[in-house]
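**Q** This is the content of upload11.txt (compact mmCIF, C-alpha atoms):
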# COMPACT_ATOMS: atom_id res chain seq x y z
CA MET A 1 68.81 -74.76 194.87
CA THR A 2 70.97 -71.96 196.21
CA SER A 3 69.50 -69.92 199.04
CA THR A 4 69.38 -66.13 198.69
CA SER A 5 70.85 -65.56 202.15
CA PRO A 6 73.04 -68.52 203.14
CA THR A 7 73.36 -69.18 206.85
CA PRO A 8 76.93 -68.80 208.14
CA LEU A 9 78.54 -72.18 208.74
CA ASN A 10 80.63 -71.11 211.72
CA ARG A 11 78.65 -70.74 214.94
CA LEU A 12 81.61 -69.67 217.07
CA ARG A 13 81.54 -66.01 216.07
CA GLN A 14 78.00 -65.59 217.44
CA GLN A 15 78.97 -67.22 220.74
CA TRP A 16 81.92 -64.87 221.09
CA ARG A 17 79.76 -61.85 220.25
CA GLU A 18 77.48 -62.95 223.08
CA LYS A 19 80.54 -63.29 225.36
CA ARG A 20 79.90 -67.00 225.85
CA PRO A 21 83.02 -69.05 226.51
CA THR A 22 83.75 -71.95 224.17
CA PHE A 23 85.68 -75.11 224.93
CA GLY A 24 88.01 -77.13 222.75
CA ALA A 25 91.12 -79.28 222.47
CA ILE A 26 94.13 -79.77 220.24
CA ALA A 27 94.24 -83.03 218.28
CA THR A 28 97.78 -84.31 217.72
CA ILE A 29 97.03 -88.02 217.27
CA PRO A 30 96.26 -89.03 213.66
CA SER A 31 92.93 -90.62 214.55
CA ILE A 32 89.47 -90.14 213.09
CA GLN A 33 87.96 -92.12 215.95
CA THR A 34 89.53 -89.89 218.60
CA VAL A 35 88.09 -86.79 216.97
CA GLN A 36 84.65 -88.42 216.70
CA ILE A 37 84.68 -88.95 220.46
CA MET A 38 85.96 -85.49 221.37
CA ALA A 39 83.62 -83.71 218.95
CA GLN A 40 80.60 -84.95 220.91
CA SER A 41 81.51 -82.68 223.83
CA LEU A 42 83.59 -79.80 222.45
CA ASP A 43 82.81 -76.55 220.64
CA TRP A 44 85.96 -76.73 218.53
CA ILE A 45 88.96 -78.91 217.77
CA ILE A 46 92.30 -77.78 216.36
CA VAL A 47 93.93 -80.45 214.20
CA ASP A 48 97.67 -80.02 214.74
CA LEU A 49 99.74 -79.99 211.56
CA GLU A 50 102.57 -78.13 213.28
CA HIS A 51 103.84 -80.62 215.87
CA GLY A 52 101.67 -83.71 215.38
CA PRO A 53 102.34 -86.63 212.96
CA ILE A 54 99.24 -85.86 210.88
CA ASP A 55 99.22 -85.69 207.08
CA LEU A 56 96.62 -83.90 204.97
CA GLY A 57 94.71 -87.05 204.10
CA THR A 58 94.28 -87.94 207.76
CA ALA A 59 93.51 -84.31 208.61
CA HIS A 60 90.68 -84.44 206.06
CA GLY A 61 89.24 -87.50 207.77
CA MET A 62 89.54 -85.83 211.17
CA ILE A 63 87.76 -82.72 209.90
CA VAL A 64 84.96 -84.84 208.41
CA ALA A 65 84.73 -86.73 211.72
CA THR A 66 83.23 -83.62 213.31
CA SER A 67 80.20 -83.89 210.99
CA GLY A 68 76.89 -84.29 212.75
CA THR A 69 78.14 -82.45 215.83
CA PRO A 70 78.26 -78.76 216.76
CA CYS A 71 82.07 -78.98 216.89
CA VAL A 72 83.91 -76.59 214.55
CA PRO A 73 87.16 -78.00 213.08
CA MET A 74 90.20 -75.75 212.78
CA VAL A 75 93.81 -76.52 211.82
CA ARG A 76 97.15 -75.38 213.18
CA ILE A 77 99.77 -75.07 210.45
CA ALA A 78 103.55 -75.27 210.74
CA ALA A 79 104.41 -71.74 209.60
CA ASN A 80 102.76 -68.48 208.62
CA GLU A 81 102.58 -69.35 204.93
CA SER A 82 99.48 -69.02 202.76
CA TRP A 83 100.27 -72.22 200.86
CA LEU A 84 100.13 -74.17 204.13
CA ALA A 85 96.75 -72.66 205.01
CA LYS A 86 95.21 -73.29 201.59
CA ALA A 87 94.58 -77.05 201.62
CA PRO A 88 93.20 -77.27 205.20
CA MET A 89 90.60 -74.63 204.32
CA ASP A 90 89.73 -76.36 201.06
CA ILE A 91 89.08 -79.68 202.82
CA GLY A 92 86.69 -78.13 205.33
CA ALA A 93 88.50 -76.45 208.21
CA LEU A 94 86.78 -73.24 209.31
CA GLY A 95 89.81 -71.71 210.96
CA ILE A 96 93.58 -71.58 210.66
CA ASN A 97 95.90 -71.15 213.63
CA PHE A 98 99.03 -69.30 212.51
CA PRO A 99 102.13 -69.77 214.70
CA MET A 100 104.88 -67.33 215.66
CA ILE A 101 103.20 -64.03 214.81
CA CYS A 102 105.81 -61.47 215.86
CA ASN A 103 104.80 -58.19 214.22
CA ALA A 104 102.01 -56.42 212.34
CA GLU A 105 103.36 -57.60 208.99
CA ASP A 106 103.09 -61.22 210.11
CA ALA A 107 99.54 -60.61 211.33
CA ALA A 108 98.44 -58.96 208.08
CA LYS A 109 99.89 -61.86 206.08
CA ALA A 110 97.90 -64.34 208.15
CA VAL A 111 94.68 -62.38 207.73
CA ARG A 112 95.05 -62.21 203.96
CA SER A 113 95.76 -65.95 203.76
CA VAL A 114 92.26 -66.90 204.91
CA ARG A 115 90.16 -64.53 202.77
CA TYR A 116 89.45 -64.34 199.07
CA PRO A 117 90.23 -61.24 196.96
CA PRO A 118 89.73 -58.35 197.34
CA LYS A 119 89.99 -58.87 201.13
CA GLY A 120 92.86 -61.32 200.89
CA ASP A 121 94.98 -63.66 198.82
CA ARG A 122 93.23 -67.02 199.24
CA LEU A 123 93.16 -68.92 195.95
CA TRP A 124 89.96 -70.58 194.76
CA GLY A 125 89.64 -74.34 194.99
CA PRO A 126 87.47 -75.47 197.94
CA PHE A 127 86.57 -78.72 196.21
CA HIS A 128 85.81 -80.72 199.37
CA ALA A 129 84.77 -78.10 201.94
CA PRO A 130 81.15 -77.84 200.69
CA PHE A 131 80.75 -81.61 201.07
CA ARG A 132 81.84 -81.42 204.72
CA TRP A 133 79.29 -78.71 205.44
CA GLY A 134 76.45 -80.04 203.29
CA VAL A 135 76.10 -76.89 201.19
CA SER A 136 76.47 -75.94 197.55
CA MET A 137 79.69 -74.42 196.27
CA ALA A 138 77.84 -71.12 195.78
CA ASP A 139 76.62 -71.05 199.38
CA TYR A 140 80.06 -72.00 200.70
CA MET A 141 81.64 -69.15 198.75
CA ALA A 142 78.97 -66.67 199.86
CA THR A 143 79.96 -66.94 203.53
CA ALA A 144 83.57 -68.19 203.25
CA ASP A 145 85.31 -64.96 204.25
CA ASP A 146 83.11 -64.51 207.32
CA ASP A 147 83.17 -68.19 208.30
CA MET A 148 86.94 -68.54 208.28
CA ILE A 149 88.69 -67.76 211.57
CA CYS A 150 92.14 -66.21 211.54
CA MET A 151 93.71 -67.31 214.80
CA ILE A 152 97.16 -65.99 215.66
CA THR A 153 99.58 -67.25 218.29
CA ILE A 154 101.65 -64.89 220.43
CA GLU A 155 104.63 -67.01 221.45
CA HIS A 156 107.80 -64.91 221.29
CA VAL A 157 109.12 -62.05 223.37
CA ASP A 158 109.32 -59.93 220.20
CA ALA A 159 105.57 -60.39 219.75
CA VAL A 160 104.86 -59.24 223.29
CA ASN A 161 107.01 -56.16 222.74
CA ARG A 162 104.86 -55.36 219.68
CA ILE A 163 101.54 -56.62 221.01
CA ASP A 164 99.56 -53.44 220.41
CA GLU A 165 100.60 -53.09 216.77
CA ILE A 166 99.89 -56.78 216.15
CA MET A 167 96.44 -56.67 217.72
CA ALA A 168 95.53 -53.49 215.83
CA THR A 169 95.67 -55.48 212.57
CA PRO A 170 92.16 -55.66 211.04
CA GLY A 171 90.82 -59.15 210.44
CA ILE A 172 92.30 -61.04 213.40
CA ASP A 173 89.48 -63.15 214.83
CA LEU A 174 91.15 -64.94 217.70
CA ALA A 175 94.43 -64.76 219.61
CA VAL A 176 96.14 -67.36 221.75
CA ILE A 177 99.25 -67.15 223.91
CA GLY A 178 101.78 -69.98 223.52
CA PRO A 179 103.37 -70.31 226.97
CA GLY A 180 105.91 -72.96 226.01
CA ASP A 181 107.48 -71.05 223.14
CA LEU A 182 107.13 -67.76 224.99
CA ALA A 183 109.20 -69.15 227.85
CA THR A 184 111.68 -70.69 225.43
CA SER A 185 112.15 -67.33 223.67
CA ILE A 186 113.67 -65.89 226.87
CA ASN A 187 115.68 -69.05 227.66
CA LYS A 188 113.23 -70.17 230.37
CA ARG A 189 111.91 -73.33 228.74
CA ASP A 190 109.95 -75.67 230.99
CA LEU A 191 109.71 -72.92 233.62
CA PRO A 192 106.08 -71.74 233.31
CA ASP A 193 106.04 -70.31 236.83
CA ASP A 194 109.25 -68.31 236.46
CA PRO A 195 108.49 -64.66 237.35
CA ASP A 196 109.83 -63.42 234.00
CA VAL A 197 107.61 -65.86 232.11
CA VAL A 198 104.57 -64.96 234.21
CA ALA A 199 105.20 -61.26 233.59
CA LEU A 200 105.54 -61.83 229.85
CA MET A 201 102.32 -63.83 229.77
CA GLN A 202 100.53 -61.04 231.62
CA ARG A 203 101.75 -58.41 229.18
CA ALA A 204 100.55 -60.54 226.25
CA GLU A 205 97.18 -61.13 227.88
CA ASP A 206 96.72 -57.44 228.68
CA GLY A 207 97.53 -56.45 225.11
CA ILE A 208 95.07 -58.91 223.61
CA MET A 209 92.37 -57.90 226.06
CA ARG A 210 92.85 -54.22 225.19
CA SER A 211 92.24 -55.00 221.53
CA GLY A 212 88.83 -56.58 222.06
CA VAL A 213 89.81 -59.64 220.01
CA PRO A 214 88.61 -62.87 221.67
CA ILE A 215 91.40 -64.59 223.57
CA VAL A 216 92.07 -68.32 223.93
CA GLY A 217 94.13 -70.06 226.57
CA VAL A 218 94.91 -73.49 227.96
CA ALA A 219 93.02 -74.46 231.11
CA ARG A 220 94.14 -77.69 232.74
CA THR A 221 91.84 -77.51 235.78
CA ALA A 222 88.32 -76.29 236.49
CA GLU A 223 89.72 -73.70 238.88
CA GLN A 224 92.06 -72.38 236.21
CA ALA A 225 89.28 -72.33 233.60
CA ASN A 226 86.89 -70.43 235.84
CA ALA A 227 89.55 -67.85 236.67
CA MET A 228 90.26 -67.35 232.97
CA ILE A 229 86.56 -66.99 232.17
CA ASP A 230 86.30 -64.36 234.90
CA ARG A 231 89.16 -62.48 233.23
CA GLY A 232 87.34 -62.51 229.90
CA TYR A 233 88.68 -65.55 228.05
CA LEU A 234 86.23 -66.77 225.39
CA GLY A 235 88.18 -69.85 224.28
CA LEU A 236 89.34 -72.51 226.72
CA ALA A 237 91.54 -75.33 225.44
CA LEU A 238 91.06 -78.17 227.90
CA GLY A 239 94.24 -79.88 226.72
CA PHE A 240 95.78 -81.98 223.98
CA ASP A 241 94.20 -85.29 223.05
CA TRP A 242 97.14 -87.14 224.62
CA SER A 243 96.93 -85.12 227.85
CA LEU A 244 93.19 -85.74 228.10
CA PHE A 245 93.87 -89.46 227.76
CA GLN A 246 96.53 -89.26 230.47
CA ARG A 247 94.16 -87.46 232.81
CA GLY A 248 91.36 -89.93 232.07
CA ILE A 249 93.60 -92.91 232.82
CA ALA A 250 94.83 -91.28 236.02
CA ALA A 251 91.21 -90.67 237.07
CA ALA A 252 90.34 -94.30 236.33
CA PHE A 253 93.14 -95.47 238.64
CA ALA A 254 92.24 -93.02 241.40
CA GLY A 255 91.25 -94.89 244.57
CA ILE A 256 92.22 -98.33 243.26
CA LYS A 257 94.56 -100.35 245.47
CA ARG A 258 97.68 -101.23 243.55
Spit out the file's structure as structure tokens when you get a sec.
**A**
Amino acid sequence: MTSTSPTPLNRLRQQWREKRPTFGAIATIPSIQTVQIMAQSLDWIIVDLEHGPIDLGTAHGMIVATSGTPCVPMVRIAANESWLAKAPMDIGALGINFPMICNAEDAAKAVRSVRYPPKGDRLWGPFHAPFRWGVSMADYMATADDDMICMITIEHVDAVNRIDEIMATPGIDLAVIGPGDLATSINKRDLPDDPDVVALMQRAEDGIMRSGVPIVGVARTAEQANAMIDRGYLGLALGFDWSLFQRGIAAAFAGIKR
């Protein structure tokens, strides 16, 4: 039977409304088992279809691997194209991370990609998403627009120069700064501490904070995470799956005579 008032599937929005920080990671390894392990401890996981060697079939398995946990699966796509966002949503992801958002037009396109008409341009066909969430098709559709997170990435100097117009776009749910591409865009790749990169990051952060949209960032240490939380970050990416493995192995070797 279909409930009269379906409960939203995505719990992250309520946590952000309550100003509670959430913690996640980016999954680049095509592994269901890895996601099963990480999902036990994290609020969200972003399955990386931009840089990782993950196909849609494996991504589906990784999304399903979060079942039975509070972890919300999202997907990062390779370009700001609605056809790339469509299948990940239809197989159960509750958020899409759009890369290289450089102006208000890009932002509006991303927003419309994740919502059904009349709010957006998403085409109907969520054949497998209801199975992931254990709901009827009717209940999935009833909350789909509100459940889906539109997450944009600010990762180019042009985006920083237009940060206020980008963040004024209605429907953006989450914003993240991409430090690697941001540095690369001013020919400072692999120089995260360069003063020009630091200044650009600060301008991006300030612009997102002014908008009131929840901001996500990468925190590699507890000290860094706590400082970001104090500044108002509501999403903390603790690393990539591969970097978490590296850190775990390093910790396992710590203190051993070799």
**Q** Within 9 Å of (107.1, -63.1, 224.0) (file coordinates; only C-alpha atoms), which protein or nucleic acid residues are there? I'd like them as a PyMOL selection string.
**A** chain A and resi 102+154-161+177-179+181-186+197+200-201+203-204
**Q** Could you tell me how far atom CA of A:Pro70 sits from atom CA of A:Ser82, in Å to one decimal place?
**A**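 Taking atom CA of A:Ser82 as the start and atom CA of A:Pro70 as the end point, the length is 27.2 Å.
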**Q** Find the residue from A:Ala138, A:Leu94, A:Ile32, A:Ala107 that sits nearest to A:Pro6; use all atoms listed in the file when measuring.
**A** A:Ala138
**Q** Can you work out which one of A:His128, A:Gly24, A:Ala104, A:Trp242 has the shortest atom-to-atom distance to A:Ile63, counting only C-alpha atoms?
**A**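 With only C-alpha atoms as the atom set, the closest residue is A:His128.
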**Q** Determine, counting only C-alpha atoms, which protein, DNA and RNA residues have an atom within 10 Å of an atom of stretch 44-50 of chain A; residues of the same chain fewer than 2 positions away are not included. Present the result as a CSV table (one decimal) with C-alpha atoms, in the coordinates of the input.
**A**
chain,number,residue,atom,x,y,z
A,12,LEU,CA,81.6,-69.7,217.1
A,22,THR,CA,83.8,-72.0,224.2
A,23,PHE,CA,85.7,-75.1,224.9
A,24,GLY,CA,88.0,-77.1,222.8
A,25,ALA,CA,91.1,-79.3,222.5
A,26,ILE,CA,94.1,-79.8,220.2
A,27,ALA,CA,94.2,-83.0,218.3
A,28,THR,CA,97.8,-84.3,217.7
A,29,ILE,CA,97.0,-88.0,217.3
A,30,PRO,CA,96.3,-89.0,213.7
A,35,VAL,CA,88.1,-86.8,217.0
A,38,MET,CA,86.0,-85.5,221.4
A,39,ALA,CA,83.6,-83.7,219.0
A,41,SER,CA,81.5,-82.7,223.8
A,42,LEU,CA,83.6,-79.8,222.4
A,52,GLY,CA,101.7,-83.7,215.4
A,53,PRO,CA,102.3,-86.6,213.0
A,54,ILE,CA,99.2,-85.9,210.9
A,55,ASP,CA,99.2,-85.7,207.1
A,56,LEU,CA,96.6,-83.9,205.0
A,58,THR,CA,94.3,-87.9,207.8
A,59,ALA,CA,93.5,-84.3,208.6
A,60,HIS,CA,90.7,-84.4,206.1
A,62,MET,CA,89.5,-85.8,211.2
A,63,ILE,CA,87.8,-82.7,209.9
A,66,THR,CA,83.2,-83.6,213.3
A,70,PRO,CA,78.3,-78.8,216.8
A,71,CYS,CA,82.1,-79.0,216.9
A,72,VAL,CA,83.9,-76.6,214.6
A,73,PRO,CA,87.2,-78.0,213.1
A,74,MET,CA,90.2,-75.8,212.8
A,75,VAL,CA,93.8,-76.5,211.8
A,76,ARG,CA,97.2,-75.4,213.2
A,77,ILE,CA,99.8,-75.1,210.4
A,78,ALA,CA,103.6,-75.3,210.7
A,79,ALA,CA,104.4,-71.7,209.6
A,84,LEU,CA,100.1,-74.2,204.1
A,88,PRO,CA,93.2,-77.3,205.2
A,93,ALA,CA,88.5,-76.4,208.2
A,94,LEU,CA,86.8,-73.2,209.3
A,95,GLY,CA,89.8,-71.7,211.0
A,96,ILE,CA,93.6,-71.6,210.7
A,97,ASN,CA,95.9,-71.2,213.6
A,98,PHE,CA,99.0,-69.3,212.5
A,99,PRO,CA,102.1,-69.8,214.7
A,235,GLY,CA,88.2,-69.8,224.3
A,236,LEU,CA,89.3,-72.5,226.7
A,237,ALA,CA,91.5,-75.3,225.4
A,240,PHE,CA,95.8,-82.0,224.0
A,241,ASP,CA,94.2,-85.3,223.0
**Q** Out of A:Ala168, A:Pro118, A:Arg11, A:Ala225, which residue has the shortest atom-to-atom distance to A:Ile149 when counting only C-alpha atoms?
**A**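 Closest residue, counting only C-alpha atoms: A:Arg11.
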**Q** Counting all atoms listed in the file, figure out which residue out of A:Ile152, A:Ile91, A:Ile101, A:Leu174 gets nearest to A:Val213.
**A** A:Leu174
**Q** From the set A:Ile215, A:Ala65, A:Leu9, A:Ala129, which residue has the shortest atom-to-atom contact distance to A:Gln33, counting all atoms listed in the file?
**A**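 Counting all atoms listed in the file, the residue closest to A:Gln33 is A:Ala65.
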**Q** Of the candidates A:Leu123, A:Ala251, A:Val114, A:Val176, which one gets nearest to A:Val218 if we count all atoms listed in the file?
**A**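 Between A:Leu123, A:Ala251, A:Val114, A:Val176, the residue approaching A:Val218 most closely is A:Val176.
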**Q** Using all atoms listed in the file, which protein or nucleic acid residues come within 12 Å of A:Met137? Drop anything in the same chain fewer than 3 positions from it, and give the result as a list in words.
**A** Met1, Thr2, Ser3, Pro6, Asp90, Trp124, Gly125, Pro126, Phe127, His128, Ala129, Pro130, Phe131, Arg132, Trp133, Gly134, Tyr140, Met141, Ala142, Thr143 and Ala144 of chain A
**Q** What is the distance, in Å and to one decimal place, between atom CA of A:Gln246 and atom CA of A:Gln36?
**A**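 The value is 18.2 Å.
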